Amino acid sequence: MEDTVFVITGGHGGIGIVLVKKLLKKDAKVIVLDVKDTSSEKVKANENYTFIKTDVTDVEDLKKAYKIIKDKYNHINYLISMAGINMKSEVEGLKGMKMHDIDKSIKLNLNAHIYLIKIMIDLLENSKERDRRAFLMISSINAITTYGLPAYSAAKAGIYGFMKSILNELGKSSIRVNTLSLGTVPHMEQEIEGDEYFENYAKHLPIKHFVRPTDVADTIYSLLDITKCINGQNIILDMGQSV
Ligand SMILES: NC(=O)c1ccc[n+]([C@@H]2O[C@H](COP(=O)([O-])OP(=O)(O)OC[C@H]3O[C@@H](n4cnc5c(N)ncnc54)[C@H](O)[C@@H]3O)[C@@H](O)[C@H]2O)c1
């Protein structure tokens with residue numbers, strides 16, 4: 001994967017960092033756009049790793065990131081829009097949710113995906129191999145279940161509509177677009193072991209354990225670089241949790 005460039009927003013989250021390490025092991029060039037760099041000294045020392053401090057809800061930040069990527073590699077093969085979190089007050093439901101958190105959540109969990117591809121599209125078009133161009137947005141089964149988190153869930157559902165709307169336009173440049181909807185993905189083994197909530201929850205799953213960050217990383221790798229005919233799909237990765 002020596003000339004393969006991955007750009008990952010939110011690449012320092014619990015899921016993102018596992019993906020970053022997997023891709024670096026495969027000798028890919030990995031660029032992380034995140035508000036913080038919490039990666040290990042080993043990752044930072046890797047010459048294939050680039051961190052660009054970016055708030056993905058800030059268009060000017062994204063434009064600066066675009067310029068850095070253009071100067072360094074002039075292309076992107078795989079653009080992964082992963083940055084996303086629910087606002088704390090959303091947990092309280094519609095009544096408890098703070099008004100300003102509605103806009104904040106929609107801006108991060110929906111608008112930022114749109115800004116990102118709009119700004120980076122020609123870097124995807126610049127990649128030489130037409131069958132190695134893809135845009136992947138990370139959604140959640142919150143979009144299709146009754147789990148609450150009103151604005152987060154609305155935004156994550158909005159991603160599906162956005163994907164369909166750009167499929168033909170990006171298809172002209174052979175850019176595949178898919179969404180990956182995750183079920184609960186605890187980040188650390190200790191979040192499950194000995195935790196009453198997770199242990200009780202896992203008992204109700206069809207397969208009695210949660211998706212792990214490594215499962216997500218493996219799926220993303222396969223979806224982008226191996227299964228090259230999947231386009232316009234929402235892939236659900238949840239061990240059957242949403243069923
Ligand atoms: N972990 C889960 O159970 C779960 C379930 C369903 C969907 N998801 C989705 O998967 C993705 C990754 O989740 P995670 O569990 O790794 O989350 P996380 O909270 O561990 O990581 C989120 C990352 O996004 C970054 N980020 C937040 N706001 C940003 C901004 N404005 N600009 C740039 N970066 C920003 C954070 O710094 C962090 O590194 C998210 O989109 C999330 O909604 C996660």
# chains A, B, ... in the order shown; residues from 1 in each chain; ligands from 1
$ residues_around --residues "Arg133 (chain A)" --least-positions-apart "3" --cutoff "8 Å" --atoms "only C-alpha atoms" --output "list in words"
Ile76, Asn77, Tyr78, Leu124, Glu125, Ser127, Glu129, Arg130, Ser174, Ile175 and Arg176 of chain A
$ residues_around --residues "region 28-32 of chain A" --least-positions-apart "6" --cutoff "6 Å" --atoms "only C-alpha atoms" --output "list in words"
Met1, Glu2, Thr4, Val5, Phe6, Val7, Ile8, Thr9, Gly11, Asn48, Tyr49, Thr50 and Phe51 of chain A
$ closest_residue --among "A:Pro213, A:Gly96, A:Gly161, A:Gly240" --to "ligand 1" --atoms "only C-alpha atoms and all ligand atoms"
A:Pro213
$ closest_residue --among "A:Ile207, A:Met120, A:Val216, A:Met137" --to "Val243 (chain A)" --atoms "only C-alpha atoms"
A:Ile207
$ residues_near_ligand --ligand "ligand 1" --cutoff "9 Å" --atoms "only C-alpha atoms and all ligand atoms" --output "PyMOL selection string"
chain A and resi 9-17+33-38+53-58+81-86+107-109+112+137-142+152+156+180-187+211-213+238
$ select_by_dssp --residues "region 45-106 of chain A" --states "alpha helix (DSSP H)" --output "list in words"
Ala45, Val59, Glu60, Asp61, Leu62, Lys63, Lys64, Ala65, Tyr66, Lys67, Ile68, Ile69, Lys70, Asp71, Lys72, Gly93, Leu94, Lys95, Gly96, Met99, His100, Asp101, Ile102, Asp103, Lys104, Ser105 and Ile106 of chain A
$ residues_around --residues "Ile114 (chain A)" --least-positions-apart "5" --cutoff "9 Å" --atoms "only C-alpha atoms" --output "CSV table (one decimal) with C-alpha atoms, in the first residue's frame"
chain,number,residue,atom,x,y,z
A,119,ILE,CA,-13.4,20.4,-0.1
A,159,ILE,CA,-25.8,10.7,6.2
A,162,PHE,CA,-26.5,12.6,1.6
$ residues_around --residues "Lys228 (chain A)" --least-positions-apart "6" --cutoff "9 Å" --atoms "only C-alpha atoms" --output "list in words"
Asp131, Arg132, Arg176 and Ser222 of chain A
$ select_by_dssp --residues "region 21-238 of chain A" --states "strand (DSSP E or B)" --output "ChimeraX atom specification"
/A:29-34,49-53,78-81,134-140,176-182,234-237
$ write_last_selection --atoms "C-alpha atoms" --output "tab-separated table (two decimals), in the first residue's frame"
chain	number	residue	atom	x	y	z
A	29	LYS	CA	0.30	6.94	4.10
A	30	VAL	CA	-2.07	7.98	6.85
A	31	ILE	CA	-3.24	11.53	7.49
A	32	VAL	CA	-5.31	12.20	10.58
A	33	LEU	CA	-7.53	15.26	10.87
A	34	ASP	CA	-8.55	15.67	14.49
A	49	TYR	CA	2.01	9.37	9.52
A	50	THR	CA	0.79	12.97	9.29
A	51	PHE	CA	-1.35	14.80	11.82
A	52	ILE	CA	-3.16	17.98	10.83
A	53	LYS	CA	-4.91	19.71	13.71
A	78	TYR	CA	-9.55	6.80	0.65
A	79	LEU	CA	-11.32	9.51	2.60
A	80	ILE	CA	-12.83	8.30	5.87
A	81	SER	CA	-15.15	10.68	7.70
A	134	ALA	CA	-13.61	5.95	-2.08
A	135	PHE	CA	-15.39	8.08	0.44
A	136	LEU	CA	-16.68	6.40	3.59
A	137	MET	CA	-18.83	8.03	6.26
A	138	ILE	CA	-19.25	6.49	9.69
A	139	SER	CA	-22.83	6.37	10.89
A	140	SER	CA	-24.53	4.56	13.74
A	176	ARG	CA	-17.36	4.97	-4.43
A	177	VAL	CA	-19.42	6.24	-1.51
A	178	ASN	CA	-20.64	4.09	1.36
A	179	THR	CA	-21.71	4.46	4.97
A	180	LEU	CA	-20.79	2.16	7.82
A	181	SER	CA	-23.30	2.07	10.67
A	182	LEU	CA	-21.80	0.86	13.89
A	234	ASN	CA	-25.11	1.34	4.22
A	235	ILE	CA	-23.21	-1.52	5.84
A	236	ILE	CA	-24.40	-2.37	9.34
A	237	LEU	CA	-21.71	-3.64	11.67
$ closest_residue --among "A:Glu92, A:Asp101, A:His113, A:Lys164" --to "Gly148 (chain A)" --atoms "only C-alpha atoms"
A:Glu92
$ residues_around --residues "region 197-206 of chain A" --least-positions-apart "2" --cutoff "7 Å" --atoms "only C-alpha atoms" --output "list in words"
Ile192, Asp195, Lys208, His209, Phe210, Met239, Gly240 and Gln241 of chain A
$ atom_distance --atom1 "CA of Val20 (chain A)" --atom2 "CA of Ile220 (chain A)"
11.1 Å
